[in-house]
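> Before we start, here is the structure in question, set down as structure tokens.
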Amino acid sequence: RSSLYGLLSISFSMLFLRLFPSLVPLTFSLILPHSPPQPLLLILPLFFLSLQSSLEGPVDSLTMTERVGKFGSMGIKPMGSGMSKLEALFSHPLYNMPTPPIHEDDWLLKVKPKGKARETSTQMWVSDSDIGDDSAHWNRSSDSHPPWLRFHLGISRWQLYPHLDPNMAPLAQQLSTHRIVSAVQKSGGTQLKLVMSFPNYGQAILKPMKQERDEETNFNLYYFSDFERHNAEIAAFHLDRVLGYRRIPPAVGRLVDVVTEIKDITTDHKLARTFFTSPVNNVCFYGQCSYYCSTEHAVCGRPQNLEASLAMMLPDTSLATRRSWRSPWKRSYSRSKLAVWEKDPDYCDTVKKTPPYNKGTRLVDLIDMTILDFLMGNMDRHHYETFDKFGNNTFLLHLDNGRAFGRHSTDEPSILTPLEQCCRIRRSTLLHLRLLSLPQYRLSDVMRDSLSHDPLFSVAPLLSELHLSALDRRLVTVLQTVSRCQERQRSRHGEGDDDVIYDDLCPQCHSS
């Protein structure tokens, strides 16, 4: 019966949009199950996705996509009209749903004029805590700001950057091409990372190439002994964006000259002492860190060119403090001990009663992160961070993804334990996943397309085809997990309200 309704809704949608294309811009709402009546709702192909109460299989009938124009007006453009799958995905209504206005307090940072002569003086970049009564005079959209500053000023309570952010292109260009004026080792962490500085005061985290693209993590290594991979940081940023999260700072690939862009300009004497020339005349260094910082695990250029990821740094903690949270599903980081959640199948019942997971969106935020980690095979998510300014009502930062994409031949089901135990997922997340399971928007295809825009693609694809195929396989596993959750709920509670789905698309009708 649900399949019949779906086919009817799709047919009606296509016919309606052909007959009345001028009404397409009025489509600002979705009809959702268990939602109260809404004043003006037009049925879209996406309607079928929303109506599905189970995940019995992909919806193969979606063949149209909405394209958002320069000024936000919408028009229909068929899939076969020249758009790539990535462009079609980002033009889909699900990625272009109207969002509520961002209030002044929802921006992480503000800019105010320096001193009293506001009309003629230069601007200062300040934290919200430093703003007095003159906070109305700050400016966020000045074209004179360098890309890294525009990125910082665009961070809000809800995301690191907006969908189709025009600043992404100049920011990527800066990270991949601008002159590097300083390179020092980043303190903390277990593996080698450098802080790279640019002439316009922007800074990025560099992670060097440690493994070849098609090389899998040694199966005898524990997850906490794995290498951090430069291409994993880049691919994680792209996957996070494809999923519609936008919670990972932009990361791009770059060929770095080990001599002119690190050795010759570093002021870090401890780092400088670790440079040497290998027997085949490659310039190498190893720095100082807890793991893999030795001559046996040195980072080497070929002979001077080194592949690396450069990830945009977040605002300094003196401007925007961050809080680190221990993940309830943190692993034991022991070779012999199991964590509590690995032994107690009802562990989530305790988590749901514990702040901040007992109200708001924190639990489904963590489930979002769990899905991201499972798709890319990241077992190293022991903590996550949030911006202090926004309290508990904000998104989670998905930082440090270097241990992802280590294995493509096997999946790690334990990463999905939070979803399996809690049986809770955002409706918007589920819809994104359903969409990415369709042939028109297949996850592996859009990821291949997205990664092809990275500068290092000219050297070699950032992810091998085996890793891309693993994404599709794991996506099916996530959808099957949600389906099992819904089946368990129906067996226990009948056909009542769906407690598995957190309806973030209808804030007035979901329960916390």
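So you can find residues: chains in the structure tokens are A, B, ... in the order shown, residues in each start at 1, and ligands are numbered from 1 in order.
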Which residues are close to stretch 286-295 of chain A, i.e. within 7 Å by only C-alpha atoms, leaving aside same-chain residues fewer than 4 positions away? Reply as number ranges by chain.
A: 190-192, 271, 274, 299
> Would you save the residues from that selection as a PDB file, in the first residue's frame, using all heavy atoms?

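Result file is out08.pdb:
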```pdb
ATOM      1  N   THR A 190      48.927  12.723  19.154  1.00  0.00           N
ATOM      2  CA  THR A 190      49.785  11.543  19.200  1.00  0.00           C
ATOM      3  C   THR A 190      50.670  11.406  17.977  1.00  0.00           C
ATOM      4  O   THR A 190      51.630  10.638  18.010  1.00  0.00           O
ATOM      5  CB  THR A 190      48.923  10.274  19.314  1.00  0.00           C
ATOM      6  OG1 THR A 190      48.033  10.204  18.183  1.00  0.00           O
ATOM      7  CG2 THR A 190      48.105  10.294  20.606  1.00  0.00           C
ATOM      8  N   GLN A 191      50.353  12.129  16.885  1.00  0.00           N
ATOM      9  CA  GLN A 191      51.146  11.998  15.666  1.00  0.00           C
ATOM     10  C   GLN A 191      51.526  13.368  15.130  1.00  0.00           C
ATOM     11  O   GLN A 191      51.042  14.399  15.602  1.00  0.00           O
ATOM     12  CB  GLN A 191      50.370  11.189  14.615  1.00  0.00           C
ATOM     13  CG  GLN A 191      50.069   9.772  15.096  1.00  0.00           C
ATOM     14  CD  GLN A 191      49.561   8.875  13.987  1.00  0.00           C
ATOM     15  OE1 GLN A 191      49.968   8.972  12.842  1.00  0.00           O
ATOM     16  NE2 GLN A 191      48.658   7.957  14.348  1.00  0.00           N
ATOM     17  N   LEU A 192      52.402  13.368  14.143  1.00  0.00           N
ATOM     18  CA  LEU A 192      52.993  14.596  13.626  1.00  0.00           C
ATOM     19  C   LEU A 192      51.966  15.474  12.918  1.00  0.00           C
ATOM     20  O   LEU A 192      51.289  15.040  11.988  1.00  0.00           O
ATOM     21  CB  LEU A 192      54.122  14.240  12.649  1.00  0.00           C
ATOM     22  CG  LEU A 192      54.848  15.414  11.983  1.00  0.00           C
ATOM     23  CD1 LEU A 192      55.588  16.240  13.022  1.00  0.00           C
ATOM     24  CD2 LEU A 192      55.807  14.895  10.919  1.00  0.00           C
ATOM     25  N   LEU A 271      61.755  20.790  15.748  1.00  0.00           N
ATOM     26  CA  LEU A 271      61.386  20.238  14.456  1.00  0.00           C
ATOM     27  C   LEU A 271      62.570  20.281  13.492  1.00  0.00           C
ATOM     28  O   LEU A 271      62.841  19.302  12.775  1.00  0.00           O
ATOM     29  CB  LEU A 271      60.202  21.019  13.863  1.00  0.00           C
ATOM     30  CG  LEU A 271      59.762  20.644  12.447  1.00  0.00           C
ATOM     31  CD1 LEU A 271      59.234  19.214  12.404  1.00  0.00           C
ATOM     32  CD2 LEU A 271      58.699  21.623  11.942  1.00  0.00           C
ATOM     33  N   THR A 274      65.170  17.466  13.275  1.00  0.00           N
ATOM     34  CA  THR A 274      64.785  16.120  12.838  1.00  0.00           C
ATOM     35  C   THR A 274      64.864  15.942  11.323  1.00  0.00           C
ATOM     36  O   THR A 274      64.498  14.883  10.807  1.00  0.00           O
ATOM     37  CB  THR A 274      63.354  15.790  13.307  1.00  0.00           C
ATOM     38  OG1 THR A 274      62.404  16.626  12.610  1.00  0.00           O
ATOM     39  CG2 THR A 274      63.205  15.999  14.800  1.00  0.00           C
ATOM     40  N   VAL A 299      58.710  11.222   7.619  1.00  0.00           N
ATOM     41  CA  VAL A 299      57.932  11.740   6.495  1.00  0.00           C
ATOM     42  C   VAL A 299      58.927  12.245   5.457  1.00  0.00           C
ATOM     43  O   VAL A 299      59.792  13.064   5.777  1.00  0.00           O
ATOM     44  CB  VAL A 299      57.011  12.880   6.958  1.00  0.00           C
ATOM     45  CG1 VAL A 299      56.334  13.535   5.769  1.00  0.00           C
ATOM     46  CG2 VAL A 299      55.982  12.364   7.957  1.00  0.00           C
TER      47      VAL A 299
END
```
> Need the shell around A:Gly377: protein/DNA/RNA residues with any atom at most 6 Å away, counting only C-alpha atoms. Skip same-chain ones fewer than 4 positions apart. Format as a compact mmCIF listing (two decimals) with C-alpha atoms, in the first residue's frame?

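Saved file around02.txt follows:
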```txt
# COMPACT_ATOMS: atom_id res chain seq x y z
CA ASP A 373 32.34 7.52 11.47
CA ALA A 404 39.36 7.12 8.88
CA PHE A 405 39.38 5.27 5.55
```
> Please return, as a VMD selection string, all residues of stretch 92-290 of chain A that DSSP assigns to strand (DSSP E or B) on the basis of the backbone.
chain A and resid 107 109 to 113 123 to 127 156 182 to 185 194 to 197 203 to 208 251 to 257 276 to 277 283 to 285
> Please produce, as a tab-separated table, a per-residue contact table for stretch 262-327 of chain A versus stretch 226-234 of chain A (criterion: any atom at most 10 Å away, only C-alpha atoms considered), showing the nearest atom pair and its distance in Å to one decimal, sorted by chain then residue number.

```
residue	atom	partner	partner_atom	distance
A:Tyr291	CA	A:Phe227	CA	8.7
A:Tyr292	CA	A:Phe227	CA	8.1
A:Glu307	CA	A:His230	CA	7.8
A:Ala308	CA	A:His230	CA	5.6
A:Ser309	CA	A:His230	CA	5.0
A:Leu310	CA	A:Ile234	CA	8.2
A:Ala311	CA	A:Glu233	CA	7.8
```
> Kindly export the residues of the current selection with N, CA, C and O atoms, as an mmCIF file, in the first residue's frame.

```
data_model
loop_
_atom_site.group_PDB
_atom_site.id
_atom_site.type_symbol
_atom_site.label_atom_id
_atom_site.label_comp_id
_atom_site.auth_asym_id
_atom_site.auth_seq_id
_atom_site.Cartn_x
_atom_site.Cartn_y
_atom_site.Cartn_z
ATOM 1 N N TYR A 291 53.537 8.859 18.761
ATOM 2 C CA TYR A 291 53.585 7.705 17.864
ATOM 3 C C TYR A 291 54.277 8.086 16.558
ATOM 4 O O TYR A 291 54.052 9.165 16.012
ATOM 5 N N TYR A 292 55.090 7.188 16.063
ATOM 6 C CA TYR A 292 55.613 7.272 14.703
ATOM 7 C C TYR A 292 56.432 8.534 14.433
ATOM 8 O O TYR A 292 56.452 9.035 13.312
ATOM 9 N N GLU A 307 53.029 15.167 -0.322
ATOM 10 C CA GLU A 307 51.574 15.290 -0.261
ATOM 11 C C GLU A 307 51.149 15.543 1.183
ATOM 12 O O GLU A 307 51.664 14.915 2.111
ATOM 13 N N ALA A 308 50.163 16.428 1.341
ATOM 14 C CA ALA A 308 49.672 16.736 2.689
ATOM 15 C C ALA A 308 48.255 17.265 2.603
ATOM 16 O O ALA A 308 47.799 17.727 1.547
ATOM 17 N N SER A 309 47.553 17.175 3.710
ATOM 18 C CA SER A 309 46.257 17.847 3.846
ATOM 19 C C SER A 309 46.453 19.119 4.644
ATOM 20 O O SER A 309 47.250 19.155 5.582
ATOM 21 N N LEU A 310 45.751 20.162 4.258
ATOM 22 C CA LEU A 310 45.735 21.406 5.020
ATOM 23 C C LEU A 310 44.295 21.695 5.400
ATOM 24 O O LEU A 310 43.449 21.912 4.526
ATOM 25 N N ALA A 311 44.024 21.680 6.692
ATOM 26 C CA ALA A 311 42.674 21.919 7.201
ATOM 27 C C ALA A 311 42.625 23.284 7.874
ATOM 28 O O ALA A 311 43.500 23.629 8.670
#
```
> I need the residues of stretch 100-312 of chain A that end up classed as alpha helix (DSSP H) by DSSP on the backbone, written out as a PyMOL selection string.
chain A and resi 147-153+168-177+230-242+269-272
